[in-house]
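Novice: data-v8.cif is reproduced in full below (mmCIF, C-alpha atoms).
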data_data
loop_
_atom_site.label_atom_id
_atom_site.label_comp_id
_atom_site.auth_asym_id
_atom_site.auth_seq_id
_atom_site.Cartn_x
_atom_site.Cartn_y
_atom_site.Cartn_z
CA MET A 1 0.00 0.00 0.00
CA ILE A 2 1.47 3.30 -1.14
CA VAL A 3 0.71 6.35 1.02
CA PRO A 4 1.89 9.38 -1.00
CA LEU A 5 2.25 11.37 2.21
CA ALA A 6 4.76 11.58 5.04
CA ALA A 7 5.01 9.00 7.82
CA ALA A 8 2.96 9.98 10.88
CA SER A 9 0.61 12.10 8.76
CA ALA A 10 -3.12 11.71 9.39
CA VAL A 11 -3.64 9.30 6.49
CA ASP A 12 -0.52 7.29 7.36
CA ASN A 13 -1.59 6.89 10.99
CA ALA A 14 -5.06 5.73 9.99
CA ALA A 15 -3.74 3.45 7.25
CA ARG A 16 -1.53 1.56 9.68
CA ILE A 17 -4.44 0.91 12.03
CA VAL A 18 -6.79 -0.34 9.30
CA MET A 19 -4.18 -2.28 7.33
CA GLN A 20 -3.04 -4.13 10.43
CA LYS A 21 -6.58 -5.51 10.89
CA MET A 22 -7.02 -6.26 7.17
CA SER A 23 -3.70 -8.09 7.10
CA ALA A 24 -4.72 -10.34 9.99
CA SER A 25 -8.13 -11.01 8.43
CA MET A 26 -6.78 -11.82 4.97
CA GLY A 27 -3.73 -13.75 6.11
CA GLN A 28 -1.68 -11.52 3.82
CA GLN A 29 1.12 -9.20 4.85
CA ILE A 30 0.43 -5.60 3.86
CA VAL A 31 3.46 -3.36 3.61
CA ILE A 32 2.90 0.40 3.79
CA GLU A 33 5.35 2.47 1.76
CA ASN A 34 5.44 6.24 2.27
CA VAL A 35 6.24 8.14 -0.92
CA PRO A 36 5.90 11.82 0.04
CA GLY A 37 6.64 14.82 -2.14
CA ALA A 38 4.82 17.40 -4.24
CA ALA A 39 1.79 17.19 -1.91
CA GLY A 40 1.23 13.58 -2.99
CA LEU A 41 1.72 13.79 -6.76
CA ILE A 42 4.77 11.50 -6.85
CA GLY A 43 3.35 8.56 -4.91
CA THR A 44 -0.02 8.83 -6.63
CA ALA A 45 1.64 8.47 -10.04
CA GLN A 46 3.34 5.33 -8.73
CA VAL A 47 -0.03 3.80 -7.86
CA ALA A 48 -1.45 4.76 -11.26
CA ARG A 49 1.39 2.88 -13.00
CA ALA A 50 1.11 -0.25 -10.83
CA ALA A 51 -0.18 -3.55 -12.15
CA PRO A 52 -3.98 -3.80 -11.69
CA ASP A 53 -3.80 -7.10 -9.82
CA GLY A 54 -4.97 -6.11 -6.35
CA TYR A 55 -1.47 -6.21 -4.85
CA THR A 56 -0.92 -2.45 -4.94
CA LEU A 57 -3.30 0.04 -3.32
CA GLY A 58 -3.19 3.76 -2.71
CA GLY A 59 -4.08 5.37 0.61
CA PHE A 60 -5.17 8.84 -0.48
CA ASN A 61 -6.57 11.97 1.06
CA ASP A 62 -9.05 14.17 -0.79
CA SER A 63 -6.30 16.67 -1.54
CA ILE A 64 -4.79 14.09 -3.87
CA MET A 65 -8.17 13.09 -5.25
CA THR A 66 -9.97 16.42 -5.61
CA MET A 67 -7.74 19.43 -4.77
CA LEU A 68 -4.54 18.79 -6.73
CA PRO A 69 -6.45 17.94 -9.95
CA ASN A 70 -7.98 21.42 -9.75
CA MET A 71 -4.54 23.03 -9.49
CA HIS A 72 -2.57 21.11 -12.12
CA ALA A 73 -3.76 21.03 -15.72
CA ASN A 74 -1.14 18.52 -16.91
CA LEU A 75 -1.03 15.73 -14.34
CA SER A 76 0.32 12.40 -15.54
CA TRP A 77 -2.77 10.72 -14.08
CA ASP A 78 -6.50 11.38 -13.90
CA ILE A 79 -8.27 10.44 -10.66
CA LEU A 80 -11.41 9.29 -12.50
CA ARG A 81 -9.66 7.55 -15.39
CA ASP A 82 -6.62 5.92 -13.78
CA PHE A 83 -8.00 4.59 -10.49
CA GLU A 84 -10.72 2.28 -9.21
CA PRO A 85 -12.46 3.37 -5.98
CA VAL A 86 -12.31 0.78 -3.19
CA SER A 87 -13.75 2.51 -0.11
CA LEU A 88 -13.93 5.73 1.81
CA VAL A 89 -12.45 4.82 5.19
CA ALA A 90 -12.83 7.86 7.42
CA THR A 91 -12.97 11.61 7.54
CA ILE A 92 -10.13 13.34 9.35
CA GLU A 93 -11.06 16.15 11.70
CA TRP A 94 -8.82 19.22 11.67
CA GLY A 95 -7.52 21.90 13.98
CA LEU A 96 -5.69 25.22 13.86
CA VAL A 97 -2.43 24.99 15.80
CA ALA A 98 0.16 27.56 16.85
CA ASN A 99 3.64 27.62 18.29
CA ASN A 100 3.53 27.99 22.07
CA ALA A 101 5.51 31.23 21.90
CA ALA A 102 2.91 32.86 19.66
CA PRO A 103 0.63 35.36 21.42
CA PHE A 104 -2.56 33.75 20.08
CA ARG A 105 -4.91 31.92 22.42
CA ASN A 106 -7.64 31.36 19.84
CA ALA A 107 -8.47 31.88 16.17
CA ALA A 108 -9.89 35.35 16.82
CA ASP A 109 -6.49 36.44 18.23
CA LEU A 110 -4.78 35.16 15.07
CA ILE A 111 -7.22 37.04 12.83
CA ALA A 112 -6.71 40.28 14.77
CA ALA A 113 -2.91 39.94 14.64
CA ALA A 114 -2.93 39.20 10.91
CA LYS A 115 -5.12 42.23 10.23
CA ALA A 116 -2.70 44.40 12.20
CA LYS A 117 0.35 43.05 10.33
CA PRO A 118 -0.72 41.75 6.88
CA GLY A 119 1.58 39.06 5.49
CA GLU A 120 3.92 38.99 8.49
CA ILE A 121 2.55 35.79 10.05
CA ASN A 122 3.64 32.62 8.28
CA TYR A 123 2.03 29.19 8.15
CA GLY A 124 3.25 25.73 7.25
CA SER A 125 1.64 23.18 4.97
CA GLY A 126 2.33 19.79 3.44
CA GLY A 127 2.95 21.44 0.06
CA ASN A 128 1.17 23.44 -2.61
CA GLY A 129 -2.36 22.13 -3.00
CA SER A 130 -2.16 20.10 0.22
CA PRO A 131 -5.20 20.22 2.51
CA GLN A 132 -3.17 22.32 4.97
CA HIS A 133 -2.64 24.89 2.20
CA VAL A 134 -6.27 24.83 1.03
CA ALA A 135 -7.69 25.03 4.56
CA MET A 136 -5.56 28.03 5.50
CA GLU A 137 -6.30 29.91 2.28
CA MET A 138 -10.03 29.27 2.80
CA PHE A 139 -9.64 30.58 6.37
CA ALA A 140 -7.67 33.64 5.25
CA THR A 141 -10.12 34.48 2.47
CA THR A 142 -13.09 34.14 4.81
CA ALA A 143 -11.41 36.23 7.51
CA GLY A 144 -10.08 38.86 5.10
CA ILE A 145 -6.45 38.42 6.15
CA SER A 146 -3.11 37.80 4.45
CA LEU A 147 -0.65 35.14 5.67
CA THR A 148 2.62 33.90 4.18
CA HIS A 149 2.70 30.30 2.97
CA VAL A 150 5.69 28.05 3.76
CA PRO A 151 5.23 24.70 1.94
CA TYR A 152 6.97 21.53 3.18
CA ARG A 153 7.40 18.06 1.69
CA GLY A 154 4.82 16.69 4.11
CA ALA A 155 2.37 17.59 6.86
CA THR A 156 4.42 15.96 9.62
CA GLN A 157 7.46 18.19 9.07
CA ALA A 158 5.22 21.23 8.87
CA ALA A 159 3.68 20.35 12.25
CA LEU A 160 7.08 19.78 13.83
CA ASP A 161 8.30 23.14 12.55
CA VAL A 162 5.30 24.89 14.09
CA ALA A 163 6.21 23.23 17.38
CA SER A 164 9.84 24.34 17.06
CA GLY A 165 8.92 27.88 16.04
CA GLN A 166 10.22 27.77 12.46
CA VAL A 167 6.70 28.74 11.36
CA THR A 168 3.94 30.22 13.48
CA VAL A 169 0.67 28.45 12.69
CA ALA A 170 -0.86 25.69 10.59
CA PHE A 171 -4.03 23.79 9.92
CA GLN A 172 -3.43 20.10 10.56
CA GLY A 173 -5.34 16.84 10.76
CA LEU A 174 -5.82 16.14 14.46
CA SER A 175 -4.33 12.66 14.18
CA THR A 176 -1.06 14.32 13.12
CA VAL A 177 -0.89 16.78 16.02
CA THR A 178 -2.88 15.30 18.92
CA SER A 179 0.22 13.90 20.65
CA LEU A 180 2.04 17.24 20.23
CA VAL A 181 -0.97 19.10 21.65
CA ARG A 182 -1.38 16.76 24.62
CA SER A 183 2.35 16.91 25.41
CA GLY A 184 2.22 20.71 25.44
CA LYS A 185 4.43 21.19 22.37
CA LEU A 186 1.67 22.80 20.29
CA ARG A 187 -1.27 25.01 21.16
CA LEU A 188 -4.62 24.02 19.64
CA LEU A 189 -6.43 27.28 18.89
CA ALA A 190 -9.61 25.89 17.33
CA VAL A 191 -11.16 22.89 15.60
CA THR A 192 -12.81 22.96 12.19
CA THR A 193 -15.82 20.81 13.04
CA ARG A 194 -19.41 22.04 13.32
CA ASN A 195 -19.45 21.30 17.05
CA ARG A 196 -16.75 20.99 19.69
CA LEU A 197 -15.04 17.62 19.87
CA PRO A 198 -15.30 15.32 22.91
CA GLN A 199 -11.51 14.88 22.81
CA PHE A 200 -11.01 18.65 23.23
CA PRO A 201 -14.15 19.98 24.92
CA ASP A 202 -12.49 23.28 25.93
CA VAL A 203 -11.30 24.11 22.42
CA PRO A 204 -13.73 26.29 20.43
CA THR A 205 -14.66 25.76 16.81
CA ILE A 206 -13.56 28.15 14.07
CA SER A 207 -17.25 28.97 13.70
CA GLU A 208 -17.38 30.08 17.34
CA SER A 209 -14.25 32.15 16.86
CA GLY A 210 -15.64 34.75 14.50
CA LEU A 211 -16.15 32.86 11.22
CA PRO A 212 -19.68 31.40 11.45
CA GLY A 213 -20.21 28.34 9.28
CA PHE A 214 -16.52 27.63 8.63
CA GLU A 215 -15.91 23.87 8.48
CA PHE A 216 -13.15 21.72 7.03
CA ASN A 217 -12.19 18.05 7.12
CA SER A 218 -10.46 15.63 4.79
CA TRP A 219 -10.76 12.03 3.67
CA PHE A 220 -8.83 8.84 3.98
CA ALA A 221 -9.83 6.62 1.06
CA LEU A 222 -8.49 3.51 -0.62
CA MET A 223 -8.01 3.42 -4.38
CA ALA A 224 -6.64 0.76 -6.74
CA PRO A 225 -5.12 1.11 -10.21
CA ALA A 226 -7.63 1.30 -13.06
CA ARG A 227 -8.71 -2.03 -14.55
CA THR A 228 -8.28 -3.91 -11.27
CA PRO A 229 -10.87 -6.70 -11.64
CA LYS A 230 -14.20 -6.03 -9.94
CA PRO A 231 -14.10 -9.26 -7.83
CA ILE A 232 -10.81 -8.05 -6.33
CA ILE A 233 -12.27 -4.60 -5.64
CA ALA A 234 -15.29 -6.25 -3.99
CA ARG A 235 -13.07 -8.43 -1.78
CA LEU A 236 -10.94 -5.48 -0.71
CA ASN A 237 -14.04 -3.43 0.05
CA GLU A 238 -15.45 -6.27 2.14
CA GLU A 239 -12.22 -6.45 4.15
CA VAL A 240 -12.23 -2.70 4.76
CA GLN A 241 -15.79 -2.84 6.11
CA LYS A 242 -14.86 -5.77 8.38
CA ALA A 243 -11.89 -3.82 9.75
CA LEU A 244 -14.01 -0.73 10.37
CA ALA A 245 -16.58 -2.79 12.27
CA ASP A 246 -13.95 -4.00 14.74
CA PRO A 247 -14.36 -2.26 18.14
CA GLU A 248 -10.61 -1.89 18.70
CA VAL A 249 -10.08 -0.33 15.27
CA ARG A 250 -12.98 2.05 15.83
CA GLU A 251 -11.65 3.09 19.24
CA ARG A 252 -8.13 3.71 17.88
CA LEU A 253 -9.40 5.72 14.90
CA ASN A 254 -11.74 7.80 17.05
CA ALA A 255 -8.90 8.55 19.47
CA GLN A 256 -6.91 9.91 16.52
CA GLY A 257 -9.66 12.41 15.69
CA LEU A 258 -11.13 10.43 12.80
CA THR A 259 -14.80 9.87 12.04
CA ILE A 260 -15.34 6.38 10.62
CA GLN A 261 -17.22 6.28 7.33
CA GLY A 262 -16.85 3.25 5.08
CA SER A 263 -18.57 3.14 1.70
CA SER A 264 -19.16 1.09 -1.40
CA PRO A 265 -16.83 1.66 -4.37
CA GLU A 266 -19.74 3.33 -6.17
CA GLU A 267 -20.39 5.73 -3.28
CA LEU A 268 -16.72 6.74 -3.21
CA GLY A 269 -16.79 7.35 -6.97
CA THR A 270 -19.86 9.58 -6.65
CA ALA A 271 -18.34 11.49 -3.72
CA THR A 272 -15.10 12.01 -5.65
CA ARG A 273 -16.90 13.59 -8.58
CA ALA A 274 -18.88 15.85 -6.21
CA GLN A 275 -15.72 16.94 -4.35
CA LEU A 276 -13.92 17.68 -7.62
CA ALA A 277 -16.70 20.11 -8.51
CA LYS A 278 -16.79 21.59 -4.99
CA TYR A 279 -13.06 22.31 -4.85
CA ALA A 280 -13.02 23.76 -8.35
CA ARG A 281 -15.39 26.40 -6.96
CA VAL A 282 -13.68 26.80 -3.56
CA MET A 283 -10.18 27.15 -4.99
CA LYS A 284 -11.32 29.71 -7.54
CA GLU A 285 -13.03 31.78 -4.81
CA ALA A 286 -9.96 31.58 -2.55
CA ASN A 287 -7.61 32.27 -5.50
CA ILE A 288 -5.55 29.15 -4.70
CA LYS A 289 -3.05 28.55 -7.49
CA ASN A 290 -0.06 26.35 -8.16
CA GLU A 291 2.89 28.31 -6.74
#
Represent the structure contained in this file as structure tokens.

Specialist:
Amino acid sequence: MIVPLAAASAVDNAARIVMQKMSASMGQQIVIENVPGAAGLIGTAQVARAAPDGYTLGGFNDSIMTMLPNMHANLSWDILRDFEPVSLVATIEWGLVANNAAPFRNAADLIAAAKAKPGEINYGSGGNGSPQHVAMEMFATTAGISLTHVPYRGATQAALDVASGQVTVAFQGLSTVTSLVRSGKLRLLAVTTRNRLPQFPDVPTISESGLPGFEFNSWFALMAPARTPKPIIARLNEEVQKALADPEVRERLNAQGLTIQGSSPEELGTATRAQLAKYARVMKEANIKNE
């Protein structure tokens, strides 16, 4: 299984939990290979070129599936043409984090500081077109502020550099930063869910912090190379649903800030087409371009 994102990223963490259960159920070792870079473009191309025999899968987020295709006109792959949907696994809940030395205690503080000093506050992301990039540009556009983008090769390094003070703030999947928040190395300013999360009951939502209606999350989905036989897709989907029904898997995913979904291949295909259209509109409104 190729994860085109950094180790310890939200998708990578979730993939290791689910694949461990699938491996035990199928009696088949599943090796996870991280191929980060270019916000996921490199590893995704590797999956697209793989033999369609069921022995290579991609663990993708919706940045790879629906954001990057709206930024790059000449990709070597097409998400609808070159891949077979297997299953949506979970949605990843997100938060706005800051370095502990920053003066912000909440999202409203960040907005006020950015309005006072346009462009002087920087933020980290997993690369151009990554969900960290898209989330922050949506936030900045909605708030009417200007921030400086610092792209990294992956979300994990971006989070670590917020903790070390190399950059000031970032949007991150909670499964990437929960341990850093709980250990006091990062400050969680807000979450991007509609309601507060049980894991962080004292942390307000972005919507509560001055931007009513602001929400953001991302996917973890499994895809196979195009022309993978339908019986193989069906078997893989069945194994995903079995893993997601396991109480231990559910508990571990929930603790990471993930909301378990599961889907049929057809449902994931329909959702992908809808998200492609949604992010075409969102990225145009937020003026998000390939840098």

Novice: Taking a cut-off of 12 Å and counting all atoms listed in the file, can you build a table that, for each residue of stretch 253-289 of chain A near stretch 119-132 of chain A, reports the nearest atom pair and how far apart they are in Å (one decimal), sorted by chain then residue number, as CSV?

Specialist:
residue,atom,partner,partner_atom,distance
A:Tyr279,CA,A:Gly129,CA,10.9
A:Met283,CA,A:Gly129,CA,9.5
A:Asn287,CA,A:Gly129,CA,11.7
A:Ile288,CA,A:Gly129,CA,7.9
A:Lys289,CA,A:Gly129,CA,7.9

Novice: Can you list what the PyMOL selection byres ((chain A and resi 145-152) around 10) grabs from this structure, as a short mmCIF file (atom, residue, chain, number, x, y, z; two decimals) with C-alpha atoms, in the frame of the given file?

Specialist:
data_model
loop_
_atom_site.label_atom_id
_atom_site.label_comp_id
_atom_site.auth_asym_id
_atom_site.auth_seq_id
_atom_site.Cartn_x
_atom_site.Cartn_y
_atom_site.Cartn_z
CA GLY A 37 6.64 14.82 -2.14
CA ALA A 38 4.82 17.40 -4.24
CA ALA A 39 1.79 17.19 -1.91
CA LEU A 110 -4.78 35.16 15.07
CA ILE A 111 -7.22 37.04 12.83
CA ALA A 112 -6.71 40.28 14.77
CA ALA A 113 -2.91 39.94 14.64
CA ALA A 114 -2.93 39.20 10.91
CA LYS A 115 -5.12 42.23 10.23
CA ALA A 116 -2.70 44.40 12.20
CA LYS A 117 0.35 43.05 10.33
CA PRO A 118 -0.72 41.75 6.88
CA GLY A 119 1.58 39.06 5.49
CA GLU A 120 3.92 38.99 8.49
CA ILE A 121 2.55 35.79 10.05
CA ASN A 122 3.64 32.62 8.28
CA TYR A 123 2.03 29.19 8.15
CA GLY A 124 3.25 25.73 7.25
CA SER A 125 1.64 23.18 4.97
CA GLY A 126 2.33 19.79 3.44
CA GLY A 127 2.95 21.44 0.06
CA ASN A 128 1.17 23.44 -2.61
CA GLY A 129 -2.36 22.13 -3.00
CA SER A 130 -2.16 20.10 0.22
CA GLN A 132 -3.17 22.32 4.97
CA HIS A 133 -2.64 24.89 2.20
CA MET A 136 -5.56 28.03 5.50
CA GLU A 137 -6.30 29.91 2.28
CA PHE A 139 -9.64 30.58 6.37
CA ALA A 140 -7.67 33.64 5.25
CA THR A 141 -10.12 34.48 2.47
CA THR A 142 -13.09 34.14 4.81
CA ALA A 143 -11.41 36.23 7.51
CA GLY A 144 -10.08 38.86 5.10
CA ARG A 153 7.40 18.06 1.69
CA GLY A 154 4.82 16.69 4.11
CA ALA A 155 2.37 17.59 6.86
CA THR A 156 4.42 15.96 9.62
CA GLN A 157 7.46 18.19 9.07
CA ALA A 158 5.22 21.23 8.87
CA ALA A 159 3.68 20.35 12.25
CA ASP A 161 8.30 23.14 12.55
CA GLN A 166 10.22 27.77 12.46
CA VAL A 167 6.70 28.74 11.36
CA VAL A 169 0.67 28.45 12.69
CA ALA A 170 -0.86 25.69 10.59
CA GLU A 291 2.89 28.31 -6.74
#

Novice: With a cut-off of 9 Å, could you pull out the residues of stretch 18-65 of chain A touching stretch 236-248 of chain A and give me the nearest pair of atoms for each, distance in Å to one decimal, using all atoms listed in the file, ordered by chain and ascending number, as CSV?

Specialist:
residue,atom,partner,partner_atom,distance
A:Val18,CA,A:Ala243,CA,6.2
A:Met19,CA,A:Ala243,CA,8.2
A:Gln20,CA,A:Ala243,CA,8.9
A:Lys21,CA,A:Ala243,CA,5.7
A:Met22,CA,A:Glu239,CA,6.0
A:Ser25,CA,A:Glu239,CA,7.5
A:Met26,CA,A:Glu239,CA,7.7
A:Gly54,CA,A:Leu236,CA,8.2

Novice: Could you tell me how far atom CA of A:Gly184 sits from atom CA of A:Trp94, in Å to one decimal place?

Specialist: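 Between atom CA of A:Trp94 and atom CA of A:Gly184 the gap is 17.7 Å.
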
Novice: So how far away is atom CA of A:Phe83 from atom CA of A:Pro231, in Å?

Specialist: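 Computing it gives 15.4 Å between the two atoms.
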
Novice: Kindly resolve the PyMOL selection byres ((chain A and resi 49) around 12) on the present coordinates and return the residues as a list in words.

Specialist: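 Residues picked by the PyMOL selection byres ((chain A and resi 49) around 12): Ile2, Ile42, Gly43, Thr44, Ala45, Gln46, Val47, Ala48, Ala50, Ala51, Pro52, Asp53, Thr56, Leu57, Gly58, Ser76, Trp77, Asp78, Asp82, Phe83, Ala224, Pro225, Ala226, Arg227 and Thr228 of chain A.
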
Novice: Go ahead and compute the interatomic distance for atom CA of A:Thr66 and atom CA of A:Gln275, in Å to one decimal.

Specialist: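 Computed distance, atom CA of A:Thr66 to atom CA of A:Gln275, equals 5.9 Å.
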
Novice: Do a neighbour search on A:Phe200 at 10 Å with only C-alpha atoms, toss out local chain neighbours closer than 2 positions, and write the hits as a tab-separated table (two decimals) with C-alpha atoms, keeping the file's coordinate frame.

Specialist:
chain	number	residue	atom	x	y	z
A	178	THR	CA	-2.88	15.30	18.92
A	182	ARG	CA	-1.38	16.76	24.62
A	188	LEU	CA	-4.62	24.02	19.64
A	190	ALA	CA	-9.61	25.89	17.33
A	191	VAL	CA	-11.16	22.89	15.60
A	196	ARG	CA	-16.75	20.99	19.69
A	197	LEU	CA	-15.04	17.62	19.87
A	198	PRO	CA	-15.30	15.32	22.91
A	202	ASP	CA	-12.49	23.28	25.93
A	203	VAL	CA	-11.30	24.11	22.42
A	204	PRO	CA	-13.73	26.29	20.43
A	257	GLY	CA	-9.66	12.41	15.69

Novice: Evaluating the PyMOL selection byres ((chain A and resi 280) around 12) on the displayed file yields which residues, as number ranges by chain?

Specialist: A: 63, 66-72, 134, 273-279, 281-289

Novice: Convert the current residue selection to file output with C-alpha atoms, as a PDB file, keeping the file's coordinate frame.

Specialist:
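The new file part06.pdb reads:
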ATOM      1  CA  SER A  63      -6.300  16.670  -1.540  1.00  0.00           C
ATOM      2  CA  THR A  66      -9.970  16.420  -5.610  1.00  0.00           C
ATOM      3  CA  MET A  67      -7.740  19.430  -4.770  1.00  0.00           C
ATOM      4  CA  LEU A  68      -4.540  18.790  -6.730  1.00  0.00           C
ATOM      5  CA  PRO A  69      -6.450  17.940  -9.950  1.00  0.00           C
ATOM      6  CA  ASN A  70      -7.980  21.420  -9.750  1.00  0.00           C
ATOM      7  CA  MET A  71      -4.540  23.030  -9.490  1.00  0.00           C
ATOM      8  CA  HIS A  72      -2.570  21.110 -12.120  1.00  0.00           C
ATOM      9  CA  VAL A 134      -6.270  24.830   1.030  1.00  0.00           C
ATOM     10  CA  ARG A 273     -16.900  13.590  -8.580  1.00  0.00           C
ATOM     11  CA  ALA A 274     -18.880  15.850  -6.210  1.00  0.00           C
ATOM     12  CA  GLN A 275     -15.720  16.940  -4.350  1.00  0.00           C
ATOM     13  CA  LEU A 276     -13.920  17.680  -7.620  1.00  0.00           C
ATOM     14  CA  ALA A 277     -16.700  20.110  -8.510  1.00  0.00           C
ATOM     15  CA  LYS A 278     -16.790  21.590  -4.990  1.00  0.00           C
ATOM     16  CA  TYR A 279     -13.060  22.310  -4.850  1.00  0.00           C
ATOM     17  CA  ARG A 281     -15.390  26.400  -6.960  1.00  0.00           C
ATOM     18  CA  VAL A 282     -13.680  26.800  -3.560  1.00  0.00           C
ATOM     19  CA  MET A 283     -10.180  27.150  -4.990  1.00  0.00           C
ATOM     20  CA  LYS A 284     -11.320  29.710  -7.540  1.00  0.00           C
ATOM     21  CA  GLU A 285     -13.030  31.780  -4.810  1.00  0.00           C
ATOM     22  CA  ALA A 286      -9.960  31.580  -2.550  1.00  0.00           C
ATOM     23  CA  ASN A 287      -7.610  32.270  -5.500  1.00  0.00           C
ATOM     24  CA  ILE A 288      -5.550  29.150  -4.700  1.00  0.00           C
ATOM     25  CA  LYS A 289      -3.050  28.550  -7.490  1.00  0.00           C
TER      26      LYS A 289
END

Novice: Generate N, CA and C atoms for stretch 23-37 of chain A and emit them as a tab-separated table (two decimals), in the coordinates of the input.

Specialist:
chain	number	residue	atom	x	y	z
A	23	SER	N	-4.76	-7.10	7.29
A	23	SER	CA	-3.70	-8.09	7.10
A	23	SER	C	-3.99	-9.35	7.89
A	24	ALA	N	-4.41	-9.18	9.15
A	24	ALA	CA	-4.72	-10.34	9.99
A	24	ALA	C	-5.92	-11.10	9.43
A	25	SER	N	-6.92	-10.38	8.95
A	25	SER	CA	-8.13	-11.01	8.43
A	25	SER	C	-7.86	-11.77	7.14
A	26	MET	N	-7.03	-11.23	6.28
A	26	MET	CA	-6.78	-11.82	4.97
A	26	MET	C	-5.64	-12.83	4.98
A	27	GLY	N	-4.88	-12.87	6.09
A	27	GLY	CA	-3.73	-13.75	6.11
A	27	GLY	C	-2.68	-13.35	5.10
A	28	GLN	N	-2.58	-12.05	4.86
A	28	GLN	CA	-1.68	-11.52	3.82
A	28	GLN	C	-0.95	-10.32	4.38
A	29	GLN	N	0.37	-10.34	4.37
A	29	GLN	CA	1.12	-9.20	4.85
A	29	GLN	C	0.87	-7.99	3.97
A	30	ILE	N	0.61	-6.86	4.59
A	30	ILE	CA	0.43	-5.60	3.86
A	30	ILE	C	1.53	-4.65	4.29
A	31	VAL	N	2.35	-4.26	3.34
A	31	VAL	CA	3.46	-3.36	3.61
A	31	VAL	C	3.05	-1.95	3.21
A	32	ILE	N	3.21	-1.00	4.10
A	32	ILE	CA	2.90	0.40	3.79
A	32	ILE	C	4.19	1.11	3.42
A	33	GLU	N	4.20	1.72	2.25
A	33	GLU	CA	5.35	2.47	1.76
A	33	GLU	C	4.97	3.94	1.64
A	34	ASN	N	5.67	4.79	2.37
A	34	ASN	CA	5.44	6.24	2.27
A	34	ASN	C	6.26	6.81	1.12
A	35	VAL	N	5.57	7.50	0.21
A	35	VAL	CA	6.24	8.14	-0.92
A	35	VAL	C	5.81	9.60	-0.95
A	36	PRO	N	6.33	10.42	-0.02
A	36	PRO	CA	5.90	11.82	0.04
A	36	PRO	C	6.55	12.65	-1.05
A	37	GLY	N	6.06	13.87	-1.19
A	37	GLY	CA	6.64	14.82	-2.14
A	37	GLY	C	5.60	15.39	-3.06
